[in-house]
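**Student:** Structure supplied as data_17.txt; contents: compact mmCIF, C-alpha atoms.
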```
# COMPACT_ATOMS: atom_id res chain seq x y z
CA MET A 164 161.27 -0.69 -5.16
CA LEU A 165 161.17 -1.81 -1.52
CA VAL A 166 162.75 -5.16 -0.71
CA THR A 167 161.62 -7.50 2.05
CA ILE A 168 164.73 -7.74 4.16
CA GLU A 169 165.49 -6.16 7.51
CA PRO A 170 168.71 -4.22 8.08
CA LYS A 171 171.59 -6.51 9.04
CA SER A 172 172.40 -4.51 12.16
CA PRO A 173 170.28 -5.10 15.31
CA ARG A 174 167.95 -2.42 16.60
CA PRO A 175 170.15 0.34 18.10
CA GLU A 176 170.06 1.18 21.79
CA TRP A 177 168.65 4.64 21.06
CA LEU A 178 165.44 3.03 19.78
CA ARG A 179 164.55 1.51 23.13
CA ALA A 180 161.48 3.18 24.61
CA PRO A 181 160.16 2.98 28.20
CA ALA A 182 157.83 0.06 28.88
CA PRO A 183 154.12 0.94 29.15
CA VAL A 184 153.79 0.66 32.93
CA GLY A 185 153.11 2.97 35.86
CA GLY A 186 150.18 4.51 37.70
CA ASN A 187 149.46 7.27 35.20
CA TYR A 188 149.59 4.77 32.34
CA ARG A 189 147.04 2.54 34.08
CA ASP A 190 144.78 5.48 34.94
CA LEU A 191 144.76 6.79 31.37
CA LYS A 192 144.14 3.33 29.95
CA ARG A 193 141.20 2.90 32.32
CA LEU A 194 139.77 6.30 31.36
CA VAL A 195 140.01 5.56 27.63
CA GLU A 196 138.25 2.23 28.14
CA GLU A 197 135.51 3.72 30.34
CA LEU A 198 134.73 6.46 27.83
CA LYS A 199 134.95 4.01 24.90
CA LEU A 200 137.56 6.05 23.07
CA HIS A 201 140.40 5.13 20.74
CA THR A 202 143.95 6.43 20.75
CA VAL A 203 146.48 6.31 17.95
CA CYS A 204 148.97 5.41 20.68
CA GLU A 205 147.37 1.96 20.99
CA SER A 206 145.89 1.45 17.52
CA ALA A 207 149.12 2.38 15.70
CA ALA A 208 151.39 0.63 18.23
CA CYS A 209 153.36 3.81 19.01
CA PRO A 210 156.66 3.11 20.79
CA ASN A 211 156.23 6.22 22.97
CA ILE A 212 153.04 5.06 24.67
CA GLY A 213 154.79 4.35 27.98
CA ASP A 214 156.52 7.72 28.07
CA CYS A 215 153.56 9.80 26.90
CA TRP A 216 150.83 8.10 28.93
CA ASN A 217 152.88 8.38 32.11
CA ARG A 218 153.01 12.13 31.37
CA LEU A 219 149.21 11.98 30.89
CA THR A 220 149.38 12.89 27.22
CA ALA A 221 147.65 10.95 24.46
CA THR A 222 146.51 11.40 20.87
CA PHE A 223 142.81 10.66 20.58
CA MET A 224 141.64 8.96 17.39
CA ILE A 225 138.10 9.77 16.33
CA LEU A 226 135.78 8.22 13.73
CA GLY A 227 136.45 4.69 14.93
CA ASN A 228 139.56 2.53 14.71
CA VAL A 229 139.05 0.98 11.27
CA CYS A 230 140.68 2.72 8.29
CA THR A 231 139.42 2.71 4.70
CA ARG A 232 142.98 2.75 3.31
CA ARG A 233 145.70 0.11 3.43
CA CYS A 234 148.96 1.98 3.93
CA GLY A 235 151.89 -0.42 4.15
CA PHE A 236 153.42 1.15 7.25
CA CYS A 237 150.41 1.52 9.51
CA ALA A 238 149.22 -0.85 12.25
CA VAL A 239 145.68 0.58 12.39
CA GLN A 240 143.02 -1.97 11.47
CA LYS A 241 141.78 -1.87 7.86
CA GLY A 242 138.35 -2.74 6.53
CA ALA A 243 134.72 -1.59 6.50
CA PRO A 244 134.51 1.59 8.61
CA LEU A 245 132.50 1.86 11.80
CA THR A 246 129.30 3.87 12.12
CA VAL A 247 130.00 7.50 12.99
CA ASP A 248 129.48 8.12 16.70
CA TYR A 249 128.26 11.71 17.12
CA ASP A 250 128.68 11.51 20.90
CA GLU A 251 132.40 10.85 20.50
CA PRO A 252 133.42 14.55 20.53
CA ARG A 253 131.74 15.00 23.92
CA ARG A 254 133.57 11.99 25.37
CA VAL A 255 136.92 13.17 24.01
CA ALA A 256 136.31 16.53 25.66
CA GLU A 257 135.38 14.77 28.89
CA ALA A 258 138.65 12.82 28.83
CA CYS A 259 140.61 16.03 28.26
CA ALA A 260 138.85 17.64 31.22
CA VAL A 261 139.45 14.69 33.54
CA LEU A 262 143.13 14.73 32.59
CA GLY A 263 143.29 18.51 32.96
CA LEU A 264 145.02 18.84 29.62
CA LYS A 265 146.55 22.10 28.48
CA PHE A 266 147.06 20.74 24.97
CA ALA A 267 145.15 18.00 23.14
CA VAL A 268 145.95 16.20 19.88
CA ILE A 269 143.14 14.73 17.79
CA THR A 270 143.55 12.49 14.75
CA SER A 271 141.42 9.98 12.86
CA VAL A 272 141.43 7.04 10.55
CA ASN A 273 140.85 7.76 6.86
CA ARG A 274 137.12 7.86 6.14
CA ASP A 275 136.94 7.81 2.35
CA ASP A 276 133.39 6.46 2.72
CA ARG A 277 132.22 9.92 3.82
CA LYS A 278 131.82 12.89 1.49
CA ASP A 279 133.66 15.21 3.91
CA GLY A 280 136.22 12.59 4.95
CA GLY A 281 135.17 13.05 8.57
CA ALA A 282 135.84 16.80 8.71
CA GLU A 283 132.56 17.44 10.55
CA LEU A 284 133.64 15.26 13.50
CA PHE A 285 136.99 17.04 13.71
CA ALA A 286 135.21 20.40 13.96
CA MET A 287 132.75 19.08 16.52
CA THR A 288 135.59 17.69 18.64
CA ILE A 289 137.56 20.94 18.58
CA ARG A 290 134.50 22.89 19.69
CA ALA A 291 133.56 20.33 22.35
CA ILE A 292 137.03 20.55 23.91
CA ARG A 293 136.97 24.35 23.88
CA GLU A 294 133.54 24.38 25.53
CA ARG A 295 134.41 21.79 28.18
CA LEU A 296 137.97 22.96 28.83
CA PRO A 297 138.51 26.62 27.86
CA GLY A 298 142.16 27.43 27.31
CA CYS A 299 143.11 23.94 26.17
CA GLY A 300 145.09 24.08 22.93
CA VAL A 301 144.04 21.69 20.16
CA GLU A 302 146.14 20.21 17.37
CA VAL A 303 144.42 18.16 14.70
CA LEU A 304 146.23 15.60 12.55
CA VAL A 305 143.92 15.26 9.56
CA PRO A 306 143.79 12.97 6.51
CA ASP A 307 143.92 14.45 3.02
CA PHE A 308 140.09 14.52 2.69
CA GLN A 309 140.73 13.29 -0.89
CA GLY A 310 141.79 16.82 -1.77
CA SER A 311 138.55 18.54 -0.76
CA HIS A 312 139.18 22.17 0.16
CA ALA A 313 135.59 22.40 1.36
CA ALA A 314 136.23 19.64 3.90
CA MET A 315 139.40 21.35 5.06
CA ASP A 316 137.42 24.59 5.49
CA VAL A 317 135.07 22.79 7.89
CA VAL A 318 138.03 21.95 10.14
CA LEU A 319 139.71 25.34 9.79
CA ASP A 320 136.48 27.16 10.65
CA ALA A 321 136.70 25.56 14.11
CA SER A 322 140.11 27.30 14.54
CA PRO A 323 142.48 24.54 15.65
CA ASP A 324 145.71 25.78 17.21
CA VAL A 325 147.75 23.60 14.83
CA LEU A 326 146.73 21.88 11.57
CA ASN A 327 148.85 18.79 10.93
CA HIS A 328 148.82 16.61 7.82
CA ASN A 329 151.67 14.18 7.27
CA THR A 330 153.39 13.63 3.94
CA GLU A 331 154.91 10.48 5.56
CA THR A 332 157.52 9.70 2.89
CA VAL A 333 159.15 10.84 -0.34
CA PRO A 334 157.22 10.90 -3.66
CA ARG A 335 159.09 7.92 -5.16
CA LEU A 336 157.83 5.60 -2.40
CA TYR A 337 154.18 6.68 -2.28
CA ARG A 338 152.81 3.67 -4.15
CA GLN A 339 154.34 1.29 -1.63
CA VAL A 340 153.94 3.36 1.53
CA ARG A 341 150.78 5.48 1.14
CA LEU A 342 148.32 3.49 -0.92
CA GLY A 343 145.46 5.75 -1.98
CA ALA A 344 147.33 8.99 -1.27
CA ARG A 345 149.14 11.39 -3.60
CA TYR A 346 152.13 13.52 -2.69
CA GLU A 347 150.97 16.50 -4.74
CA ARG A 348 147.53 16.36 -3.12
CA SER A 349 149.01 16.44 0.37
CA LEU A 350 151.18 19.42 -0.54
CA ASP A 351 148.18 21.19 -2.03
CA MET A 352 146.13 20.71 1.15
CA LEU A 353 148.93 22.10 3.32
CA ALA A 354 149.42 25.06 0.99
CA TYR A 355 145.66 25.71 1.09
CA VAL A 356 145.77 25.90 4.89
CA LYS A 357 148.46 28.59 4.82
CA ARG A 358 146.88 30.45 1.91
CA THR A 359 143.46 30.73 3.55
CA ARG A 360 144.35 30.69 7.29
CA PRO A 361 147.88 32.07 7.55
CA GLY A 362 147.52 32.49 11.31
CA ILE A 363 147.10 28.75 11.94
CA PRO A 364 150.45 26.92 12.12
CA ALA A 365 150.72 24.11 9.55
CA LYS A 366 152.63 20.97 10.42
CA SER A 367 153.81 17.86 8.60
CA GLY A 368 156.09 14.89 9.16
CA LEU A 369 158.04 12.08 7.55
CA MET A 370 159.18 8.58 8.52
CA LEU A 371 162.74 7.65 7.62
CA GLY A 372 164.28 4.25 6.97
CA LEU A 373 161.98 3.06 4.16
CA GLY A 374 164.55 3.38 1.38
CA GLU A 375 164.52 7.13 0.80
CA THR A 376 167.73 9.05 0.16
CA ILE A 377 168.79 12.07 2.19
CA GLU A 378 168.51 14.28 -0.89
CA GLU A 379 164.92 13.08 -1.37
CA VAL A 380 164.16 13.97 2.25
CA LEU A 381 165.68 17.42 1.83
CA SER A 382 163.65 17.90 -1.35
CA VAL A 383 160.42 17.12 0.54
CA MET A 384 161.47 19.51 3.32
CA ARG A 385 161.97 22.26 0.74
CA ASP A 386 158.57 21.47 -0.81
CA LEU A 387 156.93 21.72 2.61
CA ARG A 388 158.52 25.08 3.30
CA SER A 389 157.40 26.31 -0.12
CA ALA A 390 153.87 25.25 0.83
CA GLY A 391 154.15 27.34 3.99
CA VAL A 392 154.52 24.53 6.53
CA ASP A 393 155.80 25.86 9.86
CA ILE A 394 156.43 22.74 11.98
CA LEU A 395 158.26 19.57 10.92
CA THR A 396 158.63 16.14 12.54
CA LEU A 397 161.13 13.48 11.42
CA GLY A 398 161.26 10.01 12.95
CA GLN A 399 162.46 6.46 12.37
CA TYR A 400 159.98 4.06 10.77
CA LEU A 401 159.45 0.98 12.96
CA ARG A 402 157.80 -2.09 11.47
CA PRO A 403 154.60 -2.94 13.41
CA SER A 404 154.58 -6.59 12.27
CA PRO A 405 156.12 -8.92 9.65
CA LYS A 406 153.14 -8.12 7.41
CA HIS A 407 154.13 -4.46 7.15
CA LEU A 408 156.80 -2.78 5.06
CA PRO A 409 160.37 -3.66 6.04
CA ILE A 410 162.85 -1.32 7.70
CA LEU A 411 165.62 -0.79 5.20
CA ARG A 412 167.84 1.35 7.40
CA TYR A 413 168.23 2.61 10.95
CA VAL A 414 168.96 6.31 10.61
CA PRO A 415 171.81 7.35 12.95
CA MET A 416 171.39 10.06 15.55
CA ASP A 417 173.83 12.43 13.90
CA GLU A 418 171.82 12.29 10.68
CA PHE A 419 168.64 13.26 12.54
CA ALA A 420 170.58 16.10 14.17
CA ASP A 421 171.83 17.33 10.81
CA LEU A 422 168.33 17.22 9.31
CA LYS A 423 167.04 19.24 12.26
CA LYS A 424 169.75 21.84 11.68
CA GLN A 425 168.94 22.04 7.98
CA GLY A 426 165.22 22.30 8.77
CA TYR A 427 165.81 25.40 10.84
CA GLN A 428 168.04 26.81 8.12
CA MET A 429 165.17 26.35 5.64
CA GLY A 430 162.94 28.43 7.88
CA PHE A 431 160.77 25.95 9.83
CA SER A 432 159.73 27.53 13.13
CA HIS A 433 160.02 24.23 15.02
CA VAL A 434 161.64 20.89 14.13
CA GLU A 435 161.45 17.63 16.09
CA SER A 436 163.95 15.16 14.63
CA GLY A 437 164.97 11.87 16.23
CA PRO A 438 164.43 8.10 16.11
CA LEU A 439 161.37 8.01 18.40
CA VAL A 440 159.79 11.25 17.16
CA ARG A 441 156.20 10.84 16.01
CA SER A 442 153.60 13.30 14.71
CA SER A 443 152.33 14.36 18.11
CA TYR A 444 155.61 13.97 20.01
CA HIS A 445 155.97 16.96 22.39
CA ALA A 446 153.32 18.66 20.27
CA ALA A 447 152.69 21.54 22.67
CA ASP A 448 156.35 22.57 22.57
CA ALA A 449 156.02 23.66 18.93
CA ILE A 450 153.76 26.60 19.79
CA ALA A 451 154.99 27.33 23.32
```
Can you present the structure in this file as structure tokens?

**Tutor:**
Amino acid sequence: MLVTIEPKSPRPEWLRAPAPVGGNYRDLKRLVEELKLHTVCESAACPNIGDCWNRLTATFMILGNVCTRRCGFCAVQKGAPLTVDYDEPRRVAEACAVLGLKFAVITSVNRDDRKDGGAELFAMTIRAIRERLPGCGVEVLVPDFQGSHAAMDVVLDASPDVLNHNTETVPRLYRQVRLGARYERSLDMLAYVKRTRPGIPAKSGLMLGLGETIEEVLSVMRDLRSAGVDILTLGQYLRPSPKHLPILRYVPMDEFADLKKQGYQMGFSHVESGPLVRSSYHAADAIA
């Protein structure tokens, strides 16, 4: 069970991220506002927003910015979902073209109100980017679609360059951390990707510091490899507000380094492991 205390030690120096300032940051923020788009960088209060936006990289969040689930770690707004905007894929593609992106990352809120979980909009966005900006790689970070293989097929038929779905934490903590999700369902969806589209790299990630043990983390890593997952991300959970789940531990740098080493030993093709690593952190590097 998670307790509601913060770790006694102050936030370590290695968790200090660059402030969100600079010309590129301002230009990207203006573009997102003009095109009426959402980014997970802002909606999920990502600590890397200053670094990434100054490098003109962002993770676009489609299907609105209101989630139908209430995960205890996430800063994204919860409640009644917004109306689906079928022009959104075009505007995302326009933003990618203006930025001259070589690699784009697309994610979404959970849309359990829709039969396909929003898969149609993912496919439309992939195709819109490819049409507007040929040669731009596309990674999609998808929800679990409530276990619907048919919904996953809709996304896979659009041939993303990477299919990402995060397990987020260890099975023991799912009820506290991922309300409405199931560990086995997430594994099944990742395994389905590799079983039906072996040429598309599968990716997943976990947050650390929520009370999991290292052996539990290693067990999840082994499960992911057994499911065929190619790319792994491991990062430190950071509490978005006092209303969210507490940080129980700051994971030291050497522990992240050891997990990265063990990930490669298990057979992952690419591992990003560090305190500020997030799902889309240096995403293009994984398939370079």

**Student:** Please list as a list in words every residue within 6 Å of Gln399 in chain A, counting only C-alpha atoms and excluding residues in the same chain fewer than 2 positions away.

**Tutor:** Met370, Leu371 and Pro438 of chain A

**Student:** From the options A:Gln309, A:Thr332, A:Thr246, A:Thr222, which residue's atoms come nearest to Tyr400 in chain A, counting all atoms listed in the file?

**Tutor:**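 Of the candidates, the smallest distance to Tyr400 in chain A is held by A:Thr332.
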
**Student:** Could you state the separation of CA of Ser271 in chain A and CA of Glu379 in chain A in Å, given to one decimal place?

**Tutor:**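 Interatomic distance here is 27.6 Å.
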
**Student:** Check the smallest atom-to-atom distance from each of A:Leu395, A:Val272, A:Val261, A:Ala256 to Ser443 in chain A using only C-alpha atoms, then report the winner.

**Tutor:**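 Smallest separation from Ser443 in chain A among the options: A:Leu395.
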
**Student:** Do you know which residues are at most 10 Å from Phe285 in chain A counting only C-alpha atoms, after dropping those on the same chain fewer than 2 positions away, and could you put them as a ChimeraX atom specification?

**Tutor:** /A:225-226,252,269-271,280-283,287-291,303-305,315,317-319,321,323

**Student:** Taking all listed atoms of range 345-359 of chain A, build the axis-aligned box, pad each of the six sides by 8 Å, then write its centre and edge lengths in Å to one decimal as JSON.

**Tutor:**
```
{"center_x": 147.8, "center_y": 21.1, "center_z": 0.1, "size_x": 24.7, "size_y": 35.3, "size_z": 25.6}
```

**Student:** Could you work out how far CA of Val434 in chain A lies from CA of Gly374 in chain A, giving the answer in Å with one decimal?

**Tutor:**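 Distance between the two atoms: 21.9 Å.
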